[in-house]
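The structure appears right after this line, and notes come after that.
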Amino acid sequence: MDADRRIAAAEEVPENSTLLVTLRPVDPERVDDAEGDVGESVDGTPEAEAILTRAAGEVRAFRNYCQHWTDVRLDKDDGAFVRNGEVFCQKHGATFEADGGYCNFGPCEGAVLESVDVAVEGDGVYLADDAYEFVRLGHSNRDGDSGDSRIDFTGN
């Protein structure tokens, strides 16, 4: 795999949380600025966020927004809550299966998180989705923090 597409070491991807990364869409029209994970670089180029997590030992990646209210980010740069193979939306209490993104509980039940293709080769995780370029670990640049109010359904 191309070194420019290397996201992180495989051991950095948590099983009980998420690793947040920023991507640049190859086609800027592909992202909707109403989605909470969208920001822009200094030159105005759109950026989007993805979360990486482990499910059954495999690394999976999804765009970082809830399917119920797309302006709500699942990971606000401190790791999304993940338990028993499910990623939680802490705003709505929705749960998404970490192995495929299917919402099995909550107001968006039946919806599926937008996946981003990644591959593990050797000890690294690489961006395999040709629709994106890897920018950096961490959040995208935004004027404000979308979906900032939070009702915590996780018991934390």
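Every chain in the structure tokens takes a letter, A first, then B, and so on in the order presented; its residues are numbered from 1, and the ligands are numbered from 1 following the presented order.
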
**Study point:** Per-residue DSSP, chain A, filtered to helix (DSSP H, G or I), as a list in words
**Key:** Ala3, Asp4, Arg5, Ala10, Glu11, Glu12, Pro28, Glu29 and Arg30 of chain A

Check your understanding: Could you write out, as number ranges by chain, all the residues of segment 17-134 of chain A that DSSP marks as strand (DSSP E)?
Key -> A: 19-25, 38-40, 46-55, 58-63, 82-83, 86-88, 95-97, 103-105, 118-121, 124-127, 132-134

Could you produce a table of the residues of segment 56-121 of chain A lying within 9 Å of segment 42-51 of chain A, with the nearest pair of atoms per residue and their separation in Å rounded to one decimal, using only C-alpha atoms, ordered by chain and increasing residue number, as JSON lines?
```
{"residue": "A:Arg60", "atom": "CA", "partner": "A:Ile51", "partner_atom": "CA", "distance": 8.2}
{"residue": "A:Ala61", "atom": "CA", "partner": "A:Ile51", "partner_atom": "CA", "distance": 5.4}
{"residue": "A:Phe62", "atom": "CA", "partner": "A:Ala50", "partner_atom": "CA", "distance": 5.3}
{"residue": "A:Arg63", "atom": "CA", "partner": "A:Ala50", "partner_atom": "CA", "distance": 4.2}
{"residue": "A:Asn64", "atom": "CA", "partner": "A:Ala50", "partner_atom": "CA", "distance": 4.9}
{"residue": "A:Tyr65", "atom": "CA", "partner": "A:Glu49", "partner_atom": "CA", "distance": 8.4}
{"residue": "A:Leu74", "atom": "CA", "partner": "A:Ile51", "partner_atom": "CA", "distance": 8.3}
{"residue": "A:Asp75", "atom": "CA", "partner": "A:Ile51", "partner_atom": "CA", "distance": 7.2}
{"residue": "A:Gly79", "atom": "CA", "partner": "A:Ile51", "partner_atom": "CA", "distance": 8.5}
{"residue": "A:Ala80", "atom": "CA", "partner": "A:Ile51", "partner_atom": "CA", "distance": 8.3}
{"residue": "A:Ser115", "atom": "CA", "partner": "A:Ala50", "partner_atom": "CA", "distance": 8.6}
{"residue": "A:Val116", "atom": "CA", "partner": "A:Ala50", "partner_atom": "CA", "distance": 7.4}
```

Residues from the last selection, C-alpha atoms, saved as a tab-separated table (two decimals), in the first residue's frame:
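again-v4.tsv, written as the output of this step:
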```tsv
chain	number	residue	atom	x	y	z
A	60	ARG	CA	-13.83	-1.03	10.25
A	61	ALA	CA	-14.33	2.61	9.27
A	62	PHE	CA	-17.43	4.79	8.94
A	63	ARG	CA	-18.16	8.44	8.34
A	64	ASN	CA	-18.49	10.24	11.67
A	65	TYR	CA	-22.16	11.24	11.75
A	74	LEU	CA	-20.45	10.07	16.92
A	75	ASP	CA	-16.85	10.88	17.95
A	79	GLY	CA	-13.55	8.58	21.07
A	80	ALA	CA	-17.09	7.36	20.54
A	115	SER	CA	-18.70	3.02	5.37
A	116	VAL	CA	-15.18	3.98	4.34
```

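Of the residues listed (A:Leu52, A:Ala3, A:Val59, A:Ala94), A:Val59 shows the shortest atom-to-atom separation from Val120 of chain A; distances use only C-alpha atoms.
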
Point to revise | Which of A:Glu40, A:Glu121, A:Asp4, A:Glu97 sits closest to Asn84 of chain A [using only C-alpha atoms] | key: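 Result for the nearest residue to Asn84 of chain A: A:Glu97.
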
Practice item. Write out as a PyMOL selection string which residues come within 10 Å of Asp32 of chain A when counting only C-alpha atoms, dropping same-chain ones fewer than 3 positions away. Key: chain A and resi 28-29+35-38+46+48+70

Given the selection you just returned, output its residues as a file containing N, CA, C and O atoms, formatted as a CSV table (one decimal), in the first residue's frame.
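Written output follows (again.csv):
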```
chain,number,residue,atom,x,y,z
A,28,PRO,N,-15.4,16.9,-4.2
A,28,PRO,CA,-16.0,17.7,-3.1
A,28,PRO,C,-17.5,17.7,-3.1
A,28,PRO,O,-18.1,17.9,-2.1
A,29,GLU,N,-18.2,17.4,-4.2
A,29,GLU,CA,-19.6,17.4,-4.3
A,29,GLU,C,-20.2,16.1,-3.6
A,29,GLU,O,-21.4,16.1,-3.3
A,35,GLU,N,-23.8,17.5,7.0
A,35,GLU,CA,-23.4,16.4,7.8
A,35,GLU,C,-22.4,16.9,8.9
A,35,GLU,O,-21.5,17.7,8.6
A,36,GLY,N,-22.5,16.5,10.1
A,36,GLY,CA,-21.8,17.1,11.2
A,36,GLY,C,-20.3,16.8,11.2
A,36,GLY,O,-19.5,17.5,11.9
A,37,ASP,N,-19.8,15.9,10.3
A,37,ASP,CA,-18.4,15.6,10.3
A,37,ASP,C,-17.7,16.4,9.2
A,37,ASP,O,-16.5,16.1,9.0
A,38,VAL,N,-18.3,17.3,8.5
A,38,VAL,CA,-17.7,18.1,7.4
A,38,VAL,C,-17.1,19.4,7.9
A,38,VAL,O,-17.8,20.2,8.6
A,46,PRO,N,-13.2,20.9,1.1
A,46,PRO,CA,-14.0,20.2,2.1
A,46,PRO,C,-13.2,19.0,2.7
A,46,PRO,O,-12.4,18.4,2.1
A,48,ALA,N,-13.8,15.6,5.6
A,48,ALA,CA,-14.8,14.8,6.2
A,48,ALA,C,-14.1,13.9,7.3
A,48,ALA,O,-12.9,13.7,7.1
A,70,THR,N,-28.0,14.1,11.0
A,70,THR,CA,-26.7,14.0,10.4
A,70,THR,C,-25.7,15.1,10.8
A,70,THR,O,-24.6,15.1,10.5
```

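Among the candidates A:Arg5, A:Phe96, A:Cys66, A:Phe81, the residue lying nearest to Ser17 of chain A is A:Phe81 (atoms considered: only C-alpha atoms).
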
Review point. Could you state the separation of atom CA of Gln90 of chain A and atom CA of Ala131 of chain A in Å, given to one decimal place?
Key: 28.1 Å

Practice item. Report the distance between atom CA of Val31 of chain A and atom CA of Asp71 of chain A in Å, rounded to one decimal place. Key: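 That distance, rounded to one decimal, is 12.6 Å.
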
Near Arg136 of chain A, counting only C-alpha atoms, which residues have an atom at most 10 Å away, once you skip same-chain residues fewer than 4 positions from it, shown as a compact mmCIF listing (two decimals) with N, CA, C and O atoms, in the first residue's frame?
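Below you can see result28.txt, which holds the result:
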```
# COMPACT_ATOMS: atom_id res chain seq x y z
N ARG A 6 -1.49 5.51 4.48
CA ARG A 6 -1.40 4.89 5.80
C ARG A 6 -2.05 5.81 6.83
O ARG A 6 -1.70 6.97 6.96
N ILE A 7 -3.01 5.26 7.57
CA ILE A 7 -3.76 6.04 8.55
C ILE A 7 -3.11 5.94 9.92
O ILE A 7 -2.89 6.95 10.58
N ALA A 8 -2.84 4.73 10.35
CA ALA A 8 -2.32 4.52 11.71
C ALA A 8 -1.78 3.10 11.82
O ALA A 8 -2.00 2.27 10.94
N LEU A 20 -10.39 8.76 15.51
CA LEU A 20 -10.95 9.76 14.61
C LEU A 20 -9.89 10.20 13.60
O LEU A 20 -8.75 10.49 13.97
N VAL A 21 -10.27 10.25 12.31
CA VAL A 21 -9.36 10.69 11.25
C VAL A 21 -10.08 11.67 10.33
O VAL A 21 -11.31 11.68 10.24
N THR A 22 -9.29 12.53 9.69
CA THR A 22 -9.83 13.46 8.71
C THR A 22 -9.43 13.02 7.32
O THR A 22 -8.27 12.65 7.08
N LEU A 23 -10.40 13.07 6.41
CA LEU A 23 -10.21 12.69 5.02
C LEU A 23 -10.58 13.85 4.12
O LEU A 23 -11.36 14.72 4.50
N ARG A 24 -10.07 13.84 2.91
CA ARG A 24 -10.45 14.83 1.90
C ARG A 24 -11.15 14.07 0.78
O ARG A 24 -10.57 13.16 0.19
N GLU A 49 -14.82 13.55 8.27
CA GLU A 49 -14.24 12.70 9.31
C GLU A 49 -14.70 11.26 9.15
O GLU A 49 -15.80 10.99 8.66
N SER A 140 -11.73 17.26 11.74
CA SER A 140 -11.66 18.21 10.63
C SER A 140 -11.75 19.62 11.19
O SER A 140 -12.14 19.82 12.34
```

Check your understanding: At what distance in Å, to one decimal, does atom CA of Leu137 of chain A lie from atom CA of His68 of chain A?
Key ->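 We find that atom CA of His68 of chain A and atom CA of Leu137 of chain A lie 25.4 Å from each other.
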
Exercise for review: Identify which of the residues A:Asp78, A:Asp27, A:Asp2, A:Glu15 lies closest to Tyr132 of chain A, counting only C-alpha atoms when measuring atom-to-atom distances.
Suggested key: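 The answer is A:Asp27, which sits nearest to Tyr132 of chain A.
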